[in-house]
$ cat protein-v5.csv   # CSV, N, CA and C atoms
chain,number,residue,atom,x,y,z
A,300,VAL,N,-20.6,-73.0,27.7
A,300,VAL,CA,-20.8,-72.4,26.3
A,300,VAL,C,-19.4,-72.1,25.7
A,301,GLN,N,-19.2,-72.7,24.5
A,301,GLN,CA,-17.9,-72.4,23.8
A,301,GLN,C,-18.3,-72.0,22.4
A,302,LEU,N,-17.6,-70.9,22.0
A,302,LEU,CA,-17.8,-70.3,20.7
A,302,LEU,C,-16.4,-70.1,20.1
A,303,GLN,N,-16.0,-70.8,19.1
A,303,GLN,CA,-14.7,-70.7,18.5
A,303,GLN,C,-14.8,-70.2,17.1
A,304,ALA,N,-14.4,-69.0,16.9
A,304,ALA,CA,-14.4,-68.3,15.6
A,304,ALA,C,-13.1,-68.6,14.9
A,305,SER,N,-13.1,-68.7,13.6
A,305,SER,CA,-11.9,-68.9,12.7
A,305,SER,C,-12.2,-68.3,11.3
A,306,GLY,N,-11.1,-68.3,10.6
A,306,GLY,CA,-11.3,-67.8,9.2
A,306,GLY,C,-10.7,-66.4,8.9
A,307,GLY,N,-10.3,-65.7,10.0
A,307,GLY,CA,-9.8,-64.4,9.7
A,307,GLY,C,-8.4,-64.5,9.1
A,308,GLY,N,-7.9,-63.3,8.7
A,308,GLY,CA,-6.6,-63.2,8.1
A,308,GLY,C,-6.4,-61.9,7.5
A,309,VAL,N,-5.4,-61.8,6.6
A,309,VAL,CA,-5.1,-60.6,5.9
A,309,VAL,C,-5.5,-60.7,4.5
A,310,VAL,N,-6.3,-59.7,4.0
A,310,VAL,CA,-6.8,-59.7,2.7
A,310,VAL,C,-6.7,-58.3,2.1
A,311,GLN,N,-6.6,-58.3,0.8
A,311,GLN,CA,-6.5,-57.0,0.1
A,311,GLN,C,-7.9,-56.4,0.0
A,312,PRO,N,-8.0,-55.1,-0.1
A,312,PRO,CA,-9.3,-54.5,-0.4
A,312,PRO,C,-10.0,-55.1,-1.6
A,313,GLY,N,-11.3,-55.3,-1.5
A,313,GLY,CA,-12.0,-56.0,-2.6
A,313,GLY,C,-12.0,-57.5,-2.5
A,314,GLY,N,-11.3,-58.0,-1.6
A,314,GLY,CA,-11.2,-59.5,-1.4
A,314,GLY,C,-12.3,-60.0,-0.6
A,315,SER,N,-12.3,-61.3,-0.3
A,315,SER,CA,-13.3,-62.0,0.4
A,315,SER,C,-12.7,-62.9,1.5
A,316,LEU,N,-13.5,-63.1,2.5
A,316,LEU,CA,-13.2,-64.1,3.5
A,316,LEU,C,-14.5,-64.7,4.0
A,317,ARG,N,-14.4,-65.9,4.5
A,317,ARG,CA,-15.5,-66.6,5.1
A,317,ARG,C,-15.1,-67.0,6.6
A,318,LEU,N,-15.9,-66.4,7.5
A,318,LEU,CA,-15.6,-66.7,8.9
A,318,LEU,C,-16.6,-67.8,9.3
A,319,SER,N,-16.1,-68.6,10.2
A,319,SER,CA,-16.9,-69.7,10.8
A,319,SER,C,-16.8,-69.6,12.3
A,320,CYS,N,-17.8,-70.1,13.0
A,320,CYS,CA,-17.9,-70.2,14.4
A,320,CYS,C,-18.5,-71.5,14.8
A,321,VAL,N,-17.8,-72.4,15.5
A,321,VAL,CA,-18.3,-73.6,16.0
A,321,VAL,C,-18.7,-73.5,17.4
A,322,ALA,N,-20.0,-73.8,17.6
A,322,ALA,CA,-20.6,-73.7,19.0
A,322,ALA,C,-20.7,-75.0,19.7
A,323,SER,N,-20.6,-75.0,21.0
A,323,SER,CA,-20.8,-76.2,21.8
A,323,SER,C,-21.2,-75.8,23.2
A,324,GLY,N,-21.8,-76.8,23.9
A,324,GLY,CA,-22.2,-76.5,25.3
A,324,GLY,C,-23.6,-76.0,25.5
A,325,PHE,N,-24.4,-75.9,24.4
A,325,PHE,CA,-25.7,-75.5,24.5
A,325,PHE,C,-26.5,-76.0,23.3
A,326,ARG,N,-27.8,-75.8,23.3
A,326,ARG,CA,-28.7,-76.3,22.2
A,326,ARG,C,-28.6,-75.2,21.1
A,327,TYR,N,-27.6,-75.3,20.3
A,327,TYR,CA,-27.3,-74.3,19.3
A,327,TYR,C,-28.6,-73.9,18.4
A,328,SER,N,-29.3,-74.9,18.0
A,328,SER,CA,-30.5,-74.6,17.1
A,328,SER,C,-31.6,-73.8,17.7
A,329,SER,N,-31.5,-73.6,19.0
A,329,SER,CA,-32.6,-72.9,19.7
A,329,SER,C,-32.3,-71.4,19.9
A,330,PHE,N,-31.2,-71.0,19.5
A,330,PHE,CA,-30.8,-69.6,19.8
A,330,PHE,C,-30.4,-68.8,18.6
A,331,ALA,N,-30.8,-67.5,18.7
A,331,ALA,CA,-30.3,-66.6,17.7
A,331,ALA,C,-28.8,-66.4,17.8
A,332,MET,N,-28.1,-66.2,16.7
A,332,MET,CA,-26.6,-66.1,16.8
A,332,MET,C,-26.3,-64.8,16.0
A,333,SER,N,-25.1,-64.2,16.4
A,333,SER,CA,-24.8,-62.9,15.8
A,333,SER,C,-23.3,-62.9,15.6
A,334,TRP,N,-22.9,-61.9,14.8
A,334,TRP,CA,-21.5,-61.5,14.6
A,334,TRP,C,-21.3,-60.1,15.2
A,335,LEU,N,-20.3,-59.9,15.9
A,335,LEU,CA,-20.0,-58.6,16.5
A,335,LEU,C,-18.5,-58.3,16.2
A,336,ARG,N,-18.2,-57.1,15.9
A,336,ARG,CA,-16.8,-56.8,15.6
A,336,ARG,C,-16.3,-55.6,16.4
A,337,GLN,N,-15.0,-55.6,16.6
A,337,GLN,CA,-14.4,-54.4,17.3
A,337,GLN,C,-13.2,-54.0,16.5
A,338,PRO,N,-13.3,-52.8,15.8
A,338,PRO,CA,-12.2,-52.3,15.1
A,338,PRO,C,-11.1,-51.8,16.1
A,339,PRO,N,-9.9,-51.7,15.7
A,339,PRO,CA,-8.8,-51.3,16.6
A,339,PRO,C,-9.1,-49.9,17.1
A,340,GLY,N,-9.0,-49.7,18.4
A,340,GLY,CA,-9.2,-48.4,19.0
A,340,GLY,C,-10.6,-47.9,19.1
A,341,LYS,N,-11.6,-48.8,18.7
A,341,LYS,CA,-13.0,-48.3,18.7
A,341,LYS,C,-13.8,-49.3,19.5
A,342,GLY,N,-15.1,-48.9,19.7
A,342,GLY,CA,-16.0,-49.8,20.4
A,342,GLY,C,-16.6,-50.9,19.5
A,343,PRO,N,-17.2,-51.9,20.2
A,343,PRO,CA,-17.8,-53.0,19.4
A,343,PRO,C,-19.0,-52.5,18.6
A,344,GLU,N,-19.3,-53.2,17.5
A,344,GLU,CA,-20.5,-52.9,16.8
A,344,GLU,C,-21.1,-54.2,16.2
A,345,TRP,N,-22.4,-54.3,16.3
A,345,TRP,CA,-23.1,-55.5,15.8
A,345,TRP,C,-23.0,-55.5,14.3
A,346,VAL,N,-22.6,-56.7,13.7
A,346,VAL,CA,-22.5,-56.8,12.3
A,346,VAL,C,-23.8,-57.4,11.7
A,347,SER,N,-24.2,-58.5,12.3
A,347,SER,CA,-25.4,-59.2,11.7
A,347,SER,C,-26.0,-60.2,12.8
A,348,VAL,N,-27.3,-60.4,12.6
A,348,VAL,CA,-28.0,-61.3,13.5
A,348,VAL,C,-28.8,-62.3,12.7
A,349,ILE,N,-28.8,-63.5,13.1
A,349,ILE,CA,-29.7,-64.5,12.4
A,349,ILE,C,-30.4,-65.2,13.5
A,350,ASP,N,-31.8,-65.3,13.4
A,350,ASP,CA,-32.6,-66.0,14.4
A,350,ASP,C,-32.5,-67.5,14.3
A,351,SER,N,-33.1,-68.1,15.3
A,351,SER,CA,-33.0,-69.6,15.4
A,351,SER,C,-33.6,-70.3,14.2
A,352,ASP,N,-34.6,-69.6,13.6
A,352,ASP,CA,-35.3,-70.2,12.4
A,352,ASP,C,-34.6,-69.9,11.1
A,353,GLY,N,-33.4,-69.2,11.2
A,353,GLY,CA,-32.7,-68.9,10.0
A,353,GLY,C,-33.0,-67.6,9.4
A,354,THR,N,-33.9,-66.9,10.0
A,354,THR,CA,-34.3,-65.5,9.4
A,354,THR,C,-33.2,-64.5,9.8
A,355,THR,N,-32.7,-63.8,8.9
A,355,THR,CA,-31.7,-62.8,9.1
A,355,THR,C,-32.5,-61.5,9.5
A,356,THR,N,-32.2,-61.0,10.7
A,356,THR,CA,-32.9,-59.9,11.2
A,356,THR,C,-32.2,-58.6,11.3
A,357,TYR,N,-30.9,-58.6,11.1
A,357,TYR,CA,-30.1,-57.4,11.2
A,357,TYR,C,-28.8,-57.5,10.4
A,358,TYR,N,-28.5,-56.4,9.7
A,358,TYR,CA,-27.2,-56.1,9.2
A,358,TYR,C,-26.8,-54.7,9.5
A,359,LEU,N,-25.6,-54.5,9.9
A,359,LEU,CA,-25.0,-53.2,10.0
A,359,LEU,C,-25.1,-52.5,8.6
A,360,ASP,N,-25.5,-51.2,8.6
A,360,ASP,CA,-25.7,-50.6,7.3
A,360,ASP,C,-24.5,-50.7,6.4
A,361,SER,N,-23.3,-50.5,7.0
A,361,SER,CA,-22.1,-50.4,6.2
A,361,SER,C,-21.7,-51.8,5.5
A,362,VAL,N,-22.3,-52.9,6.0
A,362,VAL,CA,-22.0,-54.2,5.4
A,362,VAL,C,-23.1,-54.8,4.5
A,363,LYS,N,-24.3,-54.1,4.5
A,363,LYS,CA,-25.4,-54.6,3.7
A,363,LYS,C,-25.0,-54.7,2.2
A,364,GLY,N,-25.3,-55.9,1.7
A,364,GLY,CA,-25.0,-56.1,0.3
A,364,GLY,C,-23.6,-56.7,0.1
A,365,ARG,N,-22.8,-56.7,1.1
A,365,ARG,CA,-21.5,-57.3,1.0
A,365,ARG,C,-21.3,-58.5,1.9
A,366,PHE,N,-21.9,-58.5,3.1
A,366,PHE,CA,-21.8,-59.6,4.0
A,366,PHE,C,-23.1,-60.5,4.0
A,367,THR,N,-22.9,-61.8,4.3
A,367,THR,CA,-24.0,-62.7,4.4
A,367,THR,C,-23.8,-63.6,5.6
A,368,ILE,N,-24.8,-63.6,6.5
A,368,ILE,CA,-24.7,-64.5,7.7
A,368,ILE,C,-25.5,-65.7,7.3
A,369,SER,N,-25.1,-66.8,7.8
A,369,SER,CA,-25.8,-68.1,7.7
A,369,SER,C,-25.5,-69.0,8.8
A,370,ARG,N,-26.3,-70.1,8.9
A,370,ARG,CA,-26.0,-71.0,10.0
A,370,ARG,C,-26.3,-72.4,9.5
A,371,ASP,N,-25.6,-73.4,10.0
A,371,ASP,CA,-25.8,-74.8,9.7
A,371,ASP,C,-26.0,-75.5,11.1
A,372,ASP,N,-27.3,-75.7,11.4
A,372,ASP,CA,-27.6,-76.3,12.7
A,372,ASP,C,-27.1,-77.7,12.9
A,373,ALA,N,-27.0,-78.5,11.8
A,373,ALA,CA,-26.5,-79.8,11.9
A,373,ALA,C,-25.0,-79.9,12.3
A,374,LYS,N,-24.3,-78.8,12.0
A,374,LYS,CA,-22.9,-78.7,12.3
A,374,LYS,C,-22.6,-77.7,13.5
A,375,ASN,N,-23.7,-77.2,14.1
A,375,ASN,CA,-23.5,-76.2,15.2
A,375,ASN,C,-22.6,-75.1,14.8
A,376,THR,N,-22.7,-74.6,13.5
A,376,THR,CA,-21.7,-73.6,13.0
A,376,THR,C,-22.4,-72.4,12.4
A,377,LEU,N,-21.9,-71.3,12.7
A,377,LEU,CA,-22.3,-70.0,12.2
A,377,LEU,C,-21.3,-69.5,11.2
A,378,TYR,N,-21.8,-68.9,10.2
A,378,TYR,CA,-20.9,-68.4,9.1
A,378,TYR,C,-21.1,-66.9,8.9
A,379,LEU,N,-20.0,-66.2,8.3
A,379,LEU,CA,-20.2,-64.9,7.8
A,379,LEU,C,-19.3,-64.8,6.6
A,380,GLN,N,-20.0,-64.7,5.4
A,380,GLN,CA,-19.3,-64.5,4.1
A,380,GLN,C,-19.2,-63.0,3.9
A,381,MET,N,-17.9,-62.6,3.8
A,381,MET,CA,-17.6,-61.2,3.6
A,381,MET,C,-17.0,-61.0,2.3
A,382,ASN,N,-17.6,-60.2,1.4
A,382,ASN,CA,-17.2,-59.9,0.1
A,382,ASN,C,-16.9,-58.4,0.0
A,383,SER,N,-16.2,-58.0,-1.0
A,383,SER,CA,-15.8,-56.6,-1.3
A,383,SER,C,-15.3,-55.9,0.0
A,384,LEU,N,-14.4,-56.6,0.6
A,384,LEU,CA,-13.9,-56.1,1.9
A,384,LEU,C,-13.2,-54.7,1.7
A,385,LYS,N,-13.4,-53.9,2.7
A,385,LYS,CA,-12.8,-52.5,2.8
A,385,LYS,C,-11.9,-52.4,4.0
A,386,PRO,N,-10.9,-51.5,3.9
A,386,PRO,CA,-10.0,-51.3,5.1
A,386,PRO,C,-10.8,-51.1,6.4
A,387,GLU,N,-12.0,-50.4,6.3
A,387,GLU,CA,-12.7,-50.1,7.5
A,387,GLU,C,-13.4,-51.4,8.1
A,388,ASP,N,-13.3,-52.5,7.4
A,388,ASP,CA,-13.8,-53.8,7.9
A,388,ASP,C,-12.8,-54.4,8.8
A,389,THR,N,-11.6,-53.9,8.9
A,389,THR,CA,-10.6,-54.4,9.8
A,389,THR,C,-11.1,-54.4,11.2
A,390,ALA,N,-11.0,-55.6,11.9
A,390,ALA,CA,-11.5,-55.7,13.2
A,390,ALA,C,-11.3,-57.1,13.7
A,391,ILE,N,-11.5,-57.3,15.0
A,391,ILE,CA,-11.7,-58.6,15.6
A,391,ILE,C,-13.1,-58.9,15.5
A,392,TYR,N,-13.4,-60.1,14.9
A,392,TYR,CA,-14.8,-60.5,14.7
A,392,TYR,C,-15.1,-61.6,15.8
A,393,TYR,N,-16.2,-61.5,16.4
A,393,TYR,CA,-16.7,-62.4,17.4
A,393,TYR,C,-18.0,-63.0,17.1
A,394,CYS,N,-18.3,-64.2,17.4
A,394,CYS,CA,-19.6,-64.7,17.3
A,394,CYS,C,-20.2,-64.7,18.7
A,395,VAL,N,-21.5,-64.5,18.7
A,395,VAL,CA,-22.2,-64.2,20.0
A,395,VAL,C,-23.5,-65.1,20.0
A,396,LYS,N,-23.7,-65.7,21.1
A,396,LYS,CA,-24.9,-66.5,21.4
A,396,LYS,C,-25.9,-65.6,22.0
A,397,ASP,N,-27.1,-65.6,21.3
A,397,ASP,CA,-28.3,-64.9,21.9
A,397,ASP,C,-28.0,-63.4,22.1
A,398,GLY,N,-27.2,-62.8,21.2
A,398,GLY,CA,-27.0,-61.3,21.3
A,398,GLY,C,-27.5,-60.6,20.1
A,399,ARG,N,-27.7,-59.3,20.3
A,399,ARG,CA,-28.2,-58.5,19.2
A,399,ARG,C,-28.1,-57.0,19.7
A,400,PRO,N,-28.3,-56.0,18.9
A,400,PRO,CA,-28.3,-54.7,19.4
A,400,PRO,C,-29.2,-54.5,20.6
A,401,GLY,N,-28.7,-54.1,21.7
A,401,GLY,CA,-29.4,-53.9,22.9
A,401,GLY,C,-29.4,-55.1,23.8
A,402,ARG,N,-28.8,-56.2,23.4
A,402,ARG,CA,-28.8,-57.4,24.2
A,402,ARG,C,-27.4,-58.0,24.1
A,403,ILE,N,-26.7,-58.1,25.2
A,403,ILE,CA,-25.2,-58.4,25.2
A,403,ILE,C,-25.0,-59.8,24.6
A,404,GLY,N,-25.6,-60.9,25.2
A,404,GLY,CA,-25.3,-62.2,24.8
A,404,GLY,C,-24.0,-62.7,25.3
A,405,LYS,N,-23.6,-63.9,24.8
A,405,LYS,CA,-22.4,-64.5,25.2
A,405,LYS,C,-21.4,-64.5,24.1
A,406,ARG,N,-20.2,-63.9,24.3
A,406,ARG,CA,-19.3,-63.7,23.2
A,406,ARG,C,-18.2,-64.8,23.3
A,407,GLY,N,-17.8,-65.3,22.2
A,407,GLY,CA,-16.7,-66.3,22.2
A,407,GLY,C,-15.3,-65.6,21.8
A,408,GLN,N,-14.3,-66.5,21.6
A,408,GLN,CA,-13.1,-66.0,21.1
A,408,GLN,C,-13.2,-65.4,19.7
A,409,GLY,N,-12.5,-64.4,19.4
A,409,GLY,CA,-12.6,-63.7,18.2
A,409,GLY,C,-11.5,-64.2,17.2
A,410,THR,N,-11.7,-63.7,15.9
A,410,THR,CA,-10.8,-63.9,14.9
A,410,THR,C,-10.5,-62.6,14.2
A,411,LEU,N,-9.2,-62.3,13.9
A,411,LEU,CA,-8.8,-61.0,13.4
A,411,LEU,C,-8.9,-61.0,11.9
A,412,VAL,N,-9.5,-59.9,11.4
A,412,VAL,CA,-9.6,-59.7,10.0
A,412,VAL,C,-8.9,-58.4,9.7
A,413,THR,N,-7.9,-58.4,8.8
A,413,THR,CA,-7.2,-57.2,8.4
A,413,THR,C,-7.3,-57.0,6.9
A,414,VAL,N,-7.8,-55.9,6.5
A,414,VAL,CA,-8.0,-55.5,5.1
A,414,VAL,C,-7.0,-54.4,4.8
A,415,SER,N,-6.0,-54.8,4.0
A,415,SER,CA,-4.9,-53.9,3.8
A,415,SER,C,-4.2,-54.2,2.5
A,416,SER,N,-3.8,-53.2,1.8
A,416,SER,CA,-3.0,-53.4,0.5
A,416,SER,C,-1.5,-53.5,0.9

$ encode --input "protein-v5.csv" --output "structure tokens"
Amino acid sequence: VQLQASGGGVVQPGGSLRLSCVASGFRYSSFAMSWLRQPPGKGPEWVSVIDSDGTTTYYLDSVKGRFTISRDDAKNTLYLQMNSLKPEDTAIYYCVKDGRPGRIGKRGQGTLVTVSS
């Protein structure tokens, strides 16, 4: 299983970023996929979950209305569109195979998002 996240960077508050995660080594379309983040000095928190059928089943309360998870099974790619970014969104973002609150799943390499003026 390989999960390679990209798209992070430094952005000003109020800005946008789109994260991508390319998956390989498993039947991507058969699994729920998630984004998990770990802010500096804090524990990890689930950001969003999308089921194998494309149904979004979870958003962290603090990102509702600002972040959108999506998937392209033809490209084995998971996305996270992040708008109206806030400094508290600063974290390393990971994509996770078959993970959700209460279920660890398989985490790939992360991408760092820094929201700062």

$ atom_distance --input "protein-v5.csv" --atom1 "atom N of Arg365 of chain A" --atom2 "atom CA of Trp334 of chain A"
14.4 Å

$ select_by_dssp --input "protein-v5.csv" --residues "chain A" --states "strand (DSSP E or B)" --output "PyMOL selection string"
chain A and resi 301-305+308-310+316-323+332-337+344-349+355-358+366-371+376-381+390-396+399+402+405-406+408+410-414

$ closest_residue --input "protein-v5.csv" --among "A:Met332, A:Val300, A:Leu316, A:Met381" --to "Arg399 of chain A" --atoms "all atoms listed in the file"
A:Met332

$ atom_distance --input "protein-v5.csv" --atom1 "atom N of Ser329 of chain A" --atom2 "atom CA of Arg402 of chain A"
17.2 Å

$ atom_distance --input "protein-v5.csv" --atom1 "atom CA of Asn375 of chain A" --atom2 "atom C of Gly306 of chain A"
17.3 Å

$ closest_residue --input "protein-v5.csv" --among "A:Ser315, A:Ser369, A:Gly324, A:Lys374" --to "Leu302 of chain A" --atoms "all atoms listed in the file"
A:Gly324

$ residues_around --input "protein-v5.csv" --residues "Gln301 of chain A" --least-positions-apart "2" --cutoff "6.5 Å" --atoms "only N, CA and C atoms" --output "PDB file with N, CA and C atoms, in the coordinates of the input"
ATOM      1  N   GLN A 303     -16.000 -70.800  19.100  1.00  0.00           N
ATOM      2  CA  GLN A 303     -14.700 -70.700  18.500  1.00  0.00           C
ATOM      3  C   GLN A 303     -14.800 -70.200  17.100  1.00  0.00           C
ATOM      4  N   VAL A 321     -17.800 -72.400  15.500  1.00  0.00           N
ATOM      5  CA  VAL A 321     -18.300 -73.600  16.000  1.00  0.00           C
ATOM      6  C   VAL A 321     -18.700 -73.500  17.400  1.00  0.00           C
ATOM      7  N   ALA A 322     -20.000 -73.800  17.600  1.00  0.00           N
ATOM      8  CA  ALA A 322     -20.600 -73.700  19.000  1.00  0.00           C
ATOM      9  C   ALA A 322     -20.700 -75.000  19.700  1.00  0.00           C
ATOM     10  N   SER A 323     -20.600 -75.000  21.000  1.00  0.00           N
ATOM     11  CA  SER A 323     -20.800 -76.200  21.800  1.00  0.00           C
ATOM     12  C   SER A 323     -21.200 -75.800  23.200  1.00  0.00           C
ATOM     13  N   GLY A 324     -21.800 -76.800  23.900  1.00  0.00           N
ATOM     14  CA  GLY A 324     -22.200 -76.500  25.300  1.00  0.00           C
ATOM     15  C   GLY A 324     -23.600 -76.000  25.500  1.00  0.00           C
ATOM     16  N   PHE A 325     -24.400 -75.900  24.400  1.00  0.00           N
ATOM     17  CA  PHE A 325     -25.700 -75.500  24.500  1.00  0.00           C
ATOM     18  C   PHE A 325     -26.500 -76.000  23.300  1.00  0.00           C
ATOM     19  N   GLY A 407     -17.800 -65.300  22.200  1.00  0.00           N
ATOM     20  CA  GLY A 407     -16.700 -66.300  22.200  1.00  0.00           C
ATOM     21  C   GLY A 407     -15.300 -65.600  21.800  1.00  0.00           C
TER      22      GLY A 407
END

$ residues_near_point --input "protein-v5.csv" --point "(-13.7, -68.1, 14.0)" --cutoff "6 Å" --atoms "all atoms listed in the file" --output "MDAnalysis selection string"
chainID A and resid 303:307 318:320 409:410

$ residues_around --input "protein-v5.csv" --residues "Glu344 of chain A" --least-positions-apart "4" --cutoff "7 Å" --atoms "only N, CA and C atoms" --output "PyMOL selection string"
chain A and resi 334-338

$ write_last_selection --input "protein-v5.csv" --atoms "N, CA and C atoms" --output "short mmCIF file (atom, residue, chain, number, x, y, z; two decimals), keeping the file's coordinate frame"
data_model
loop_
_atom_site.label_atom_id
_atom_site.label_comp_id
_atom_site.auth_asym_id
_atom_site.auth_seq_id
_atom_site.Cartn_x
_atom_site.Cartn_y
_atom_site.Cartn_z
N TRP A 334 -22.90 -61.90 14.80
CA TRP A 334 -21.50 -61.50 14.60
C TRP A 334 -21.30 -60.10 15.20
N LEU A 335 -20.30 -59.90 15.90
CA LEU A 335 -20.00 -58.60 16.50
C LEU A 335 -18.50 -58.30 16.20
N ARG A 336 -18.20 -57.10 15.90
CA ARG A 336 -16.80 -56.80 15.60
C ARG A 336 -16.30 -55.60 16.40
N GLN A 337 -15.00 -55.60 16.60
CA GLN A 337 -14.40 -54.40 17.30
C GLN A 337 -13.20 -54.00 16.50
N PRO A 338 -13.30 -52.80 15.80
CA PRO A 338 -12.20 -52.30 15.10
C PRO A 338 -11.10 -51.80 16.10
#

$ residues_around --input "protein-v5.csv" --residues "Lys405 of chain A" --least-positions-apart "4" --cutoff "9 Å" --atoms "only C-alpha atoms" --output "list in words"
Val300, Leu302, Cys394, Val395, Lys396, Asp397 and Gly398 of chain A

$ residues_near_point --input "protein-v5.csv" --point "(-31.9, -69.2, 17.9)" --cutoff "9 Å" --atoms "only C-alpha atoms" --output "JSON, numbers by chain"
{"A": [326, 327, 328, 329, 330, 331, 332, 349, 350, 351, 352, 353, 396, 397]}

$ write_last_selection --input "protein-v5.csv" --atoms "N, CA and C atoms" --output "compact mmCIF listing (two decimals), in the frame of the given file"
# COMPACT_ATOMS: atom_id res chain seq x y z
N ARG A 326 -27.80 -75.80 23.30
CA ARG A 326 -28.70 -76.30 22.20
C ARG A 326 -28.60 -75.20 21.10
N TYR A 327 -27.60 -75.30 20.30
CA TYR A 327 -27.30 -74.30 19.30
C TYR A 327 -28.60 -73.90 18.40
N SER A 328 -29.30 -74.90 18.00
CA SER A 328 -30.50 -74.60 17.10
C SER A 328 -31.60 -73.80 17.70
N SER A 329 -31.50 -73.60 19.00
CA SER A 329 -32.60 -72.90 19.70
C SER A 329 -32.30 -71.40 19.90
N PHE A 330 -31.20 -71.00 19.50
CA PHE A 330 -30.80 -69.60 19.80
C PHE A 330 -30.40 -68.80 18.60
N ALA A 331 -30.80 -67.50 18.70
CA ALA A 331 -30.30 -66.60 17.70
C ALA A 331 -28.80 -66.40 17.80
N MET A 332 -28.10 -66.20 16.70
CA MET A 332 -26.60 -66.10 16.80
C MET A 332 -26.30 -64.80 16.00
N ILE A 349 -28.80 -63.50 13.10
CA ILE A 349 -29.70 -64.50 12.40
C ILE A 349 -30.40 -65.20 13.50
N ASP A 350 -31.80 -65.30 13.40
CA ASP A 350 -32.60 -66.00 14.40
C ASP A 350 -32.50 -67.50 14.30
N SER A 351 -33.10 -68.10 15.30
CA SER A 351 -33.00 -69.60 15.40
C SER A 351 -33.60 -70.30 14.20
N ASP A 352 -34.60 -69.60 13.60
CA ASP A 352 -35.30 -70.20 12.40
C ASP A 352 -34.60 -69.90 11.10
N GLY A 353 -33.40 -69.20 11.20
CA GLY A 353 -32.70 -68.90 10.00
C GLY A 353 -33.00 -67.60 9.40
N LYS A 396 -23.70 -65.70 21.10
CA LYS A 396 -24.90 -66.50 21.40
C LYS A 396 -25.90 -65.60 22.00
N ASP A 397 -27.10 -65.60 21.30
CA ASP A 397 -28.30 -64.90 21.90
C ASP A 397 -28.00 -63.40 22.10

$ select_by_dssp --input "protein-v5.csv" --residues "chain A" --states "helix (DSSP H, G or I)" --output "PyMOL selection string"
chain A and resi 327-329+360-362+386-388

$ closest_residue --input "protein-v5.csv" --among "A:Glu387, A:Tyr393, A:Thr376, A:Phe366" --to "Ser333 of chain A" --atoms "all atoms listed in the file"
A:Tyr393

$ closest_residue --input "protein-v5.csv" --among "A:Gly314, A:Thr413, A:Arg370, A:Ile403" --to "Asn382 of chain A" --atoms "only C-alpha atoms"
A:Gly314

$ closest_residue --input "protein-v5.csv" --among "A:Gln408, A:Ser383, A:Thr355, A:Ser361" --to "Gln311 of chain A" --atoms "only N, CA and C atoms"
A:Ser383
